[in-house]
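Data first, discussion second: the structure below is written as structure tokens.
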2 protein chains.
Amino acid sequence: MATPHDFSSKVFQVDTLDLGNGHTEKIVKGGRNLLPLLPKAFAGIKQIGVIGWGSQGPAQAQNLRDSLEGTSIKVKVGLRAGSSSFAEAEKVGFSNAHGTLGDMFDTVKESDLVLLLISDGAQSELFSKVFELMKPGATLGLSHGYLLGHLKNVGAKFPTNINVIAVCPKGMGPSVRRLYVQGKEVNGAGINASFAVEQDIDGKATDIALGWSVALGSPYTFQTTLESEFKSDIYGERGILLGAVWGIVESLYRRYIGQGQSHEEAFRQTAESVTGPISKTISKQGILALYEGLDAAGKKTFEQAYSASYPASREVLQEIYDEVSNGNEIRSVNLAGERLKKRPMGKIDGTEMWQTGKKVRAARDEAKIPLNPFTAGIFTACMMAQIDILLEAGHPYSEAANESVIEAVDSLNPYMHSRGVAYMVDNCSITARLGTRKWAPRFDYNLQTQAYVDIDNSAPVDAKLIEAFKKNPIHAALAACAKVRPSVDIFVE
Amino acid sequence: MATPHDFSSKVFQVDTLDLGNGHTEKIVKGGRNLLPLLPKAFAGIKQIGVIGWGSQGPAQAQNLRDSLEGTSIKVKVGLRAGSSSFAEAEKVGFSNAHGTLGDMFDTVKESDLVLLLISDGAQSELFSKVFELMKPGATLGLSHGYLLGHLKNVGAKFPTNINVIAVCPKGMGPSVRRLYVQGKEVNGAGINASFAVEQDIDGKATDIALGWSVALGSPYTFQTTLESEFKSDIYGERGILLGAVWGIVESLYRRYIGQGQSHEEAFRQTAESVTGPISKTISKQGILALYEGLDAAGKKTFEQAYSASYPASREVLQEIYDEVSNGNEIRSVNLAGERLKKRPMGKIDGTEMWQTGKKVRAARDEAKIPLNPFTAGIFTACMMAQIDILLEAGHPYSEAANESVIEAVDSLNPYMHSRGVAYMVDNCSITARLGTRKWAPRFDYNLQTQAYVDIDNSAPVDAKLIEAFKKNPIHAALAACAKVRPSVDIFVE
């Protein structure tokens with residue numbers, strides 16, 4: 001896979017992020033102080049059309065509008081005729097009367113920058129019409145490389161008379177909005193984003209992308225390609241971000257109950273431990289600190305869990321990466337879209353585990369949530385395997401770090417901590433919901449049939465694997481990433 | 001999907017099987033009395049090359065050799081240079097010295113009928129070379145439509161100067177051999193097979209296929225197409241034949257333990273019940289008899305389980321069918337083949353459930369294995385959903401019946417009963433092992449998150465679904481299929 005090229009900007013300062021491991025990456029730091037530069041970055045753009053009101057739509061439309069307040073650039077939300085989201089958009093101030101809310105296709109036609117934030121399935125269905133309607137010379141903005149993957153599968157291409165760019169926040173929409181609002185007090189708080197320039201017909205594409213990212217409130221923006229983005233994004237959410245975390249806690253919950261724990265206690269030692277202290281420690285101090293903070297017995301337990309489960313999780317992760325890369329996963333999502341028209345997806349949160357979880361959360365004493373070293377070892381091994389596969393495939397460090405660690409501990413897991421892992425799984429994008437249902441059970445079964453069997457048979461710790469964990473270059477990269485972003489506890493209702 | 005055409009034979013009697021539900025199918029009944037017709041069916045064929053020594057290879061090579069004893073037609077086994085299977089083939093009487101064992105590619109070159117029984121992955125890798133080496137005018141025989149699916153994916157075609165046929169026994173190789181041997185005492189015992197003629201360049205293809213099937217000992221042979229075959233076969237093994245049965249018993253085992261059963265008792269009420277009395281009742285009396293044999297309370301429990309789980313299992317089955325049909329599943333198997341070169345598949349039978357199973361089987365009193373009505377309802381619902389999808393997609397009744405019922409209860413489940421479901425999963429073809437690992441967890445999770453939640457929330461029985469079950473046209477078709485095949489208890493060591 002081609003890694004992203006170098007880039008320069010006529011508007012924003014480009015910094016070099018020293019990853020502390022012999023590598024550097026070009027980045028643009030964000031912040032409210034940069035908002036006055038937006039009109040220059042968006043030169044020639046009179047209207048930004050935000051198409052769709054799913055996860056990213058509401059967040060991006062509002063952040064862009066707020067960031068562009070006082071300029072002549074209009075942010076207009078475009079929705080499908082008859083969509084129930086019109087009411088939602090009106091609630092936060094977009095309106096037909098002010099010309100900031102309208103029909104999706106009209107908005108595509110009028111806008112100079114079209115942010116296509118409809119679901120992946122809808123993109124697969126509607127891309128030809130959107131391409132046809134776009135003004136020559138306009139810019140198509142994506143927040144995800146999915147469409148490129150789909151075009152490759154069906155042998156189609158982007159029109160050659162438009163710019164094609166992407167800004168991909170490394171967190172779900174609600175976090176992008178929530179942290180932007182919090183960022184009004186703490187300058188620079190927000191969700192990191194990657195950007196990609198797929199087509200640049202007028203030399204402005206990079207600055208439009210960077211302007212868009214700064215306007216969203218990204219603490220820092222790193223470069224990727226659409227291809228690298230869709231691979232890492234679809235892979236990441238099927239892995240530790242959603243699929244793996246669900247499968248891991250299900251398998252551990254059963255294991256601990258089988259070992260005699262009460263259901264409530266097992267929930268605390270698994271889901272609560274992951275979304276609470278494990279995620280918080282990684283967020284504030286990094287992955288290695290999680291291990292180093294354990295006592296001798298805890299370290300030994302962590303090592304056993306890590307050592308036995310790294311290969312089991314890695315096997316599933318490699319399969320996911322291959323399936324995403326060869327287009328199968330995108331084909332599957334499109335096929336599922338057809339089935340979903342007849343029968344909607346069921347919820348997953350009705351099972352005993354998640355019902356117990358509700359009770360446990362209701363009675364939660366945050367300070368008393370255990371940091372279970374076995375749970376930590378299983379979770380960390382999967383996270384590290386995910387990172388290792390991304391780095392070996394040539395993804396940028398920032399992409400690996402954000403898709404595997406920062407998005408987990410700073411965006412998704414805080415939501416899971418507040419509302420439950422199952423709630424999160426039931427309320428993410430359709431592509432992610434499908435992928436989570438597909439892969440979580442695979443992590444569960446692989447851990448159960450391979451890792452836990454090895455552990456119960458007292459398989460020796462793989463010292464090389466533990467050594468590789470300790471020396472992994474991602475630790476320095478995470479520390480470097482943390483420095484370009486103020487530490488803010490995301491506030492989740 | 002195109003359904004198979006009518007066919008006629010110059011050698012064998014073609015019968016019309018009245019399916020008792022308004023449909024008929026053309027079939028050829030088997031039996032030892034037909035063996036004298038083989039030289040006529042195989043006119044012009046001096047050597048049959050059996051390539052590969054996996055599941056089907058040993059069975060087919062031996063059955064063909066035994067059936068052709070006393071004729072001038074030679075059966076030669078061809079293996080890859082250096083293969084450890086040479087010794088296995090020698091053990092059962094094939095030998096270099098007698099010209100009945102040799103190099104795979106030499107055997108392809110020399111043979112007039114080449115039975116390509118190497119693994120699906122090897123077929124994907126080696127098909128070009130095999131096509132190149134085959135004599136013009138020779139016949140390529142497959143026991144599975146996989147290669148057609150692969151050729152479609154990669155845009156390749158069969159050479160136009162050869163016949164291409166398939167004979168696909170609806171049971172694994174060891175059953176094909178075992179029942180053939182038993183068939184020496186009970187004329188006509190064996191594993192049913194489908195046949196397909198993909199290319200017929202000389203008008204002989206149908207009779208070569210029918211001769212091959214009769215020589216294998218198929219009690220009856222029905223017509224299909226290569227496309228219909230690969231879809232139903234790959235789908236079926238991912239469904240009730242292997243994937244679903246594993247996922248079902250795992251989910252039920254946990255459920256019953258959660259309800260207070262001992263581990264041994266839960267194993268008896270799940271895996272033992274399925275592979276024992278449930279399979280035996282279906283084998284001898286049909287699916288409906290399983291339900292009708294229950295008492296009033298049992299019927300109610302069965303209906304609840306059936307009603308809640310049919311949609312949950314059907315959802316996964318429809319996904320499998322779609323994934324197989326669009327080529328994704330075959331692409332996945334090929335991708336996995338690359339990974340398996342680096343890291344072999346782990347076993348699944350080390351978990352507590354299957355270790356408990358060993359103890360339960362060792363202490364088994366066959367007569368005391370319970371026919372659990374809840375387990376029966378879950379298992380049957382999945383089986384019926386599998387059948388319904390196949391019939392709706394236009395597959396022949398014989399194909400639906402064999403791929404969903406007869407192969408399960410008369411070939412695979414008896415092996416599972418003897419050695420364990422996990423043993424079976426660890427010892428089937430690579431394509432099946434991959435598919436089982438991929439889909440079993442999906443059935444498990446869908447039952448757990450959807451069906452069992454509904455049952456625990458006392459969801460009402462769907463009377464229409466139960467009515468549709470009782471009136472399903474497959475029941476008459478199964479009864480009709482049973483009549484053309486002597487009932488033999490397969491003997492498994």
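A note on labels: chains of the structure tokens are A, B, ... as shown, every chain counts residues from 1, and ligands are counted from 1 in their shown order.
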
What are the closest atom pairs, with distances in Å to one decimal, for all residues of chain B lying within 9 Å of chain A? Consider only C-alpha atoms, order rows by chain and residue number, and present the result as CSV.
```
residue,atom,partner,partner_atom,distance
B:Arg254,CA,A:Arg254,CA,8.9
B:Glu315,CA,A:Arg343,CA,8.6
B:Gln318,CA,A:Arg339,CA,8.4
B:Glu319,CA,A:Ala336,CA,7.3
B:Asp322,CA,A:Leu335,CA,7.2
B:Glu323,CA,A:Ser332,CA,7.0
B:Asn326,CA,A:Arg331,CA,8.7
B:Asn328,CA,A:Asn328,CA,5.9
B:Glu329,CA,A:Asn328,CA,8.6
B:Arg331,CA,A:Asn328,CA,7.7
B:Ser332,CA,A:Glu323,CA,7.0
B:Leu335,CA,A:Asp322,CA,7.2
B:Ala336,CA,A:Glu319,CA,7.3
B:Arg339,CA,A:Glu319,CA,8.2
B:Arg343,CA,A:Glu315,CA,8.6
B:Gly346,CA,A:Gln450,CA,6.9
B:Lys347,CA,A:Thr449,CA,7.4
B:Ile348,CA,A:Thr449,CA,5.2
B:Asp349,CA,A:Thr449,CA,7.2
B:Gly350,CA,A:Val453,CA,6.1
B:Thr351,CA,A:Thr449,CA,5.7
B:Glu352,CA,A:Val453,CA,8.3
B:Arg437,CA,A:Arg442,CA,7.8
B:Lys438,CA,A:Arg442,CA,6.8
B:Trp439,CA,A:Arg442,CA,8.5
B:Ala440,CA,A:Pro441,CA,8.8
B:Pro441,CA,A:Pro441,CA,5.1
B:Arg442,CA,A:Pro441,CA,6.1
B:Asp444,CA,A:Pro441,CA,8.0
B:Tyr445,CA,A:Pro441,CA,6.5
B:Asn446,CA,A:Ile348,CA,8.6
B:Gln448,CA,A:Thr351,CA,7.1
B:Thr449,CA,A:Ile348,CA,5.2
B:Gln450,CA,A:Gly346,CA,6.9
B:Tyr452,CA,A:Thr351,CA,8.1
B:Val453,CA,A:Thr351,CA,6.0
B:Asp454,CA,A:Gly350,CA,8.8
```

Where does DSSP see helix (DSSP H, G or I) in stretch 200-420 of chain B, if you list the residues as a ChimeraX atom specification? /B:205-216,226-241,243-258,263-285,287-292,296-325,328-342,352-362,366-368,373-392,397-419

Close residues, B:Gly54 itself excluded, 8 Å, only C-alpha atoms, min 5 positions apart in chain, as a list in words: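 Once the adjacent positions are removed, what remains is Leu117, Ile118, Ser119 and Ser429 of chain B.
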
Nearest-residue call for A:Ile191, choices A:Leu252, A:Leu216, A:Val28, A:Ile208, using only C-alpha atoms: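 The closest residue to A:Ile191 is A:Leu216.
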
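Residues lying within 9 Å of B:Gln304, counting only C-alpha atoms and ignoring same-chain neighbours fewer than 5 positions away, are B:Lys299, B:Ser309, B:Phe374, B:Gly377, B:Ile455, B:Ser458, B:Ala459, B:Pro460, B:Val461, B:Asp462.
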
With C-alpha atoms retained, write the just-selected residues as a tab-separated table (two decimals), in the first residue's frame.
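Final output, saved to out_21.tsv:
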```
chain	number	residue	atom	x	y	z
B	299	LYS	CA	-44.67	-29.78	21.88
B	309	SER	CA	-35.11	-19.14	16.87
B	374	PHE	CA	-36.14	-27.24	23.51
B	377	GLY	CA	-36.94	-26.94	18.50
B	455	ILE	CA	-37.99	-16.72	24.97
B	458	SER	CA	-42.12	-14.92	27.06
B	459	ALA	CA	-42.57	-13.82	23.46
B	460	PRO	CA	-45.70	-15.50	22.07
B	461	VAL	CA	-45.38	-18.47	19.72
B	462	ASP	CA	-45.69	-17.49	16.06
```

Those of stretch 90-195 of chain A in DSSP strand (DSSP E or B), formatted as a ChimeraX atom specification: /A:101-103,113-116,139-142,163-169,193-195

Selected residues written out, N, CA and C atoms, as a PDB file, in the first residue's frame:
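Output file result03.pdb is given in full below:
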```
ATOM      1  N   LEU A 101     -31.134  24.625   5.398  1.00  0.00           N
ATOM      2  CA  LEU A 101     -31.647  23.256   5.430  1.00  0.00           C
ATOM      3  C   LEU A 101     -32.465  23.043   4.168  1.00  0.00           C
ATOM      4  N   GLY A 102     -32.247  21.916   3.511  1.00  0.00           N
ATOM      5  CA  GLY A 102     -33.002  21.688   2.283  1.00  0.00           C
ATOM      6  C   GLY A 102     -32.854  20.274   1.768  1.00  0.00           C
ATOM      7  N   ASP A 103     -33.311  20.076   0.573  1.00  0.00           N
ATOM      8  CA  ASP A 103     -33.250  18.754  -0.051  1.00  0.00           C
ATOM      9  C   ASP A 103     -31.795  18.382  -0.347  1.00  0.00           C
ATOM     10  N   LEU A 113     -18.589  23.066  -1.719  1.00  0.00           N
ATOM     11  CA  LEU A 113     -17.950  21.959  -0.988  1.00  0.00           C
ATOM     12  C   LEU A 113     -19.085  21.066  -0.491  1.00  0.00           C
ATOM     13  N   VAL A 114     -19.095  19.829  -0.972  1.00  0.00           N
ATOM     14  CA  VAL A 114     -20.170  18.889  -0.627  1.00  0.00           C
ATOM     15  C   VAL A 114     -19.601  17.834   0.311  1.00  0.00           C
ATOM     16  N   LEU A 115     -20.046  17.860   1.563  1.00  0.00           N
ATOM     17  CA  LEU A 115     -19.585  16.844   2.510  1.00  0.00           C
ATOM     18  C   LEU A 115     -20.605  15.716   2.517  1.00  0.00           C
ATOM     19  N   LEU A 116     -20.210  14.609   1.940  1.00  0.00           N
ATOM     20  CA  LEU A 116     -21.138  13.484   1.754  1.00  0.00           C
ATOM     21  C   LEU A 116     -21.079  12.568   2.980  1.00  0.00           C
ATOM     22  N   THR A 139     -15.832  20.724  -4.767  1.00  0.00           N
ATOM     23  CA  THR A 139     -15.019  19.775  -4.001  1.00  0.00           C
ATOM     24  C   THR A 139     -15.931  18.783  -3.293  1.00  0.00           C
ATOM     25  N   LEU A 140     -15.636  17.516  -3.482  1.00  0.00           N
ATOM     26  CA  LEU A 140     -16.366  16.475  -2.768  1.00  0.00           C
ATOM     27  C   LEU A 140     -15.574  16.105  -1.521  1.00  0.00           C
ATOM     28  N   GLY A 141     -16.239  16.173  -0.375  1.00  0.00           N
ATOM     29  CA  GLY A 141     -15.572  15.825   0.883  1.00  0.00           C
ATOM     30  C   GLY A 141     -16.181  14.572   1.490  1.00  0.00           C
ATOM     31  N   LEU A 142     -15.334  13.651   1.869  1.00  0.00           N
ATOM     32  CA  LEU A 142     -15.780  12.412   2.518  1.00  0.00           C
ATOM     33  C   LEU A 142     -15.192  12.361   3.925  1.00  0.00           C
ATOM     34  N   ASN A 163     -12.549  18.333  -7.144  1.00  0.00           N
ATOM     35  CA  ASN A 163     -11.595  17.899  -6.122  1.00  0.00           C
ATOM     36  C   ASN A 163     -12.246  16.796  -5.297  1.00  0.00           C
ATOM     37  N   VAL A 164     -11.441  15.848  -4.867  1.00  0.00           N
ATOM     38  CA  VAL A 164     -11.963  14.831  -3.935  1.00  0.00           C
ATOM     39  C   VAL A 164     -11.027  14.784  -2.726  1.00  0.00           C
ATOM     40  N   ILE A 165     -11.595  15.106  -1.575  1.00  0.00           N
ATOM     41  CA  ILE A 165     -10.795  15.131  -0.346  1.00  0.00           C
ATOM     42  C   ILE A 165     -11.527  14.383   0.766  1.00  0.00           C
ATOM     43  N   ALA A 166     -10.811  14.104   1.816  1.00  0.00           N
ATOM     44  CA  ALA A 166     -11.441  13.492   2.986  1.00  0.00           C
ATOM     45  C   ALA A 166     -10.881  14.112   4.247  1.00  0.00           C
ATOM     46  N   VAL A 167     -11.755  14.324   5.216  1.00  0.00           N
ATOM     47  CA  VAL A 167     -11.332  14.610   6.587  1.00  0.00           C
ATOM     48  C   VAL A 167     -12.070  13.606   7.455  1.00  0.00           C
ATOM     49  N   CYS A 168     -11.304  12.829   8.190  1.00  0.00           N
ATOM     50  CA  CYS A 168     -11.889  11.689   8.902  1.00  0.00           C
ATOM     51  C   CYS A 168     -11.607  11.805  10.389  1.00  0.00           C
ATOM     52  N   PRO A 169     -12.573  12.332  11.136  1.00  0.00           N
ATOM     53  CA  PRO A 169     -12.372  12.439  12.575  1.00  0.00           C
ATOM     54  C   PRO A 169     -12.208  11.050  13.181  1.00  0.00           C
ATOM     55  N   ALA A 193      -8.082  14.195  13.539  1.00  0.00           N
ATOM     56  CA  ALA A 193      -8.598  13.770  12.237  1.00  0.00           C
ATOM     57  C   ALA A 193      -7.448  13.489  11.286  1.00  0.00           C
ATOM     58  N   SER A 194      -7.707  12.603  10.348  1.00  0.00           N
ATOM     59  CA  SER A 194      -6.781  12.440   9.238  1.00  0.00           C
ATOM     60  C   SER A 194      -7.361  13.175   8.037  1.00  0.00           C
ATOM     61  N   PHE A 195      -6.501  13.551   7.102  1.00  0.00           N
ATOM     62  CA  PHE A 195      -7.030  14.108   5.851  1.00  0.00           C
ATOM     63  C   PHE A 195      -6.357  13.412   4.677  1.00  0.00           C
TER      64      PHE A 195
END
```

Here is a test: counting only C-alpha atoms, which residue of A:Lys76, A:Lys368, A:Lys231, A:Lys359 is nearest to A:Ser273?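 Among A:Lys76, A:Lys368, A:Lys231, A:Lys359, it is A:Lys368 that comes nearest to A:Ser273.
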
Could you name the residues that touch stretch 219-221 of chain A at 8 Å or less, counting only C-alpha atoms, but leaving out those on the same chain fewer than 4 positions away, as a list in words? Ile27, Val28, Lys29, Gly30, Gly31, Gly188, Ala189, Gly190, Ile191, Asn192, Ala193, Ser194, Phe195, Leu210, Ser213, Val214, Val484, Arg485 and Pro486 of chain A

Do a neighbour search on A:Val92 at 10 Å with only C-alpha atoms, toss out local chain neighbours closer than 4 positions, and write the hits as a short mmCIF file (atom, residue, chain, number, x, y, z; two decimals) with N, CA, C and O atoms, in the first residue's frame.
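Listing of result_34.cif after writing:
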```
data_model
loop_
_atom_site.label_atom_id
_atom_site.label_comp_id
_atom_site.auth_asym_id
_atom_site.auth_seq_id
_atom_site.Cartn_x
_atom_site.Cartn_y
_atom_site.Cartn_z
N PRO A 58 -24.62 15.65 12.10
CA PRO A 58 -24.98 16.67 13.08
C PRO A 58 -23.76 17.36 13.68
O PRO A 58 -23.74 18.58 13.86
N ALA A 61 -21.88 19.52 10.84
CA ALA A 61 -22.66 20.69 10.41
C ALA A 61 -22.62 21.78 11.48
O ALA A 61 -22.40 22.96 11.18
N GLN A 62 -22.78 21.38 12.73
CA GLN A 62 -22.79 22.38 13.81
C GLN A 62 -21.40 22.96 14.04
O GLN A 62 -21.25 24.18 14.22
N ALA A 87 -36.48 17.39 11.37
CA ALA A 87 -36.85 17.92 12.68
C ALA A 87 -35.63 18.04 13.59
O ALA A 87 -35.46 19.02 14.32
N GLU A 88 -34.75 17.03 13.51
CA GLU A 88 -33.54 17.04 14.33
C GLU A 88 -32.64 18.22 13.96
O GLU A 88 -32.08 18.90 14.83
#
```

With a distance cut-off of 9 Å and only C-alpha atoms, select the neighbouring residues of B:Arg419, excluding the residue or stretch itself and same-chain residues fewer than 4 positions from it, and output the selection as a PyMOL selection string. chain B and resi 358+361+414-415+423-424+493

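Comparing B:Ala422, B:Leu288, B:Cys428, B:Ala480 by their smallest distance to B:Gln56, the closest is B:Cys428 (using only C-alpha atoms).
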
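Coordinates place atom CA of B:Ile430 at a distance of 26.5 Å from atom CA of B:Ser111.
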
A:Glu338, A:Asp18, A:Asp426, A:Asp233 ranked by distance to A:Lys170, top pick (using only C-alpha atoms):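 Of A:Glu338, A:Asp18, A:Asp426, A:Asp233, the one nearest A:Lys170, counting only C-alpha atoms, is A:Asp233.
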
Distance criterion (only C-alpha atoms): nearest to B:Asp207 out of B:Ala401, B:Leu38, B:Ala432, B:Ala477: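 For B:Asp207, the nearest of the given residues is B:Leu38.
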
Expressed in Å to a single decimal, how great is the separation between atom CA of B:Ile466 and atom CA of B:Asp410? 25.3 Å

Using only C-alpha atoms, can you tell me which of B:Ser307, B:Thr375, B:Ser262, B:Ser325 comes closest to B:Thr356?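 Among the listed residues, B:Ser262 lies closest to B:Thr356.
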
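Taking atom CA of A:Pro344 as the reference point, atom CA of A:Leu241 is found at 23.1 Å.
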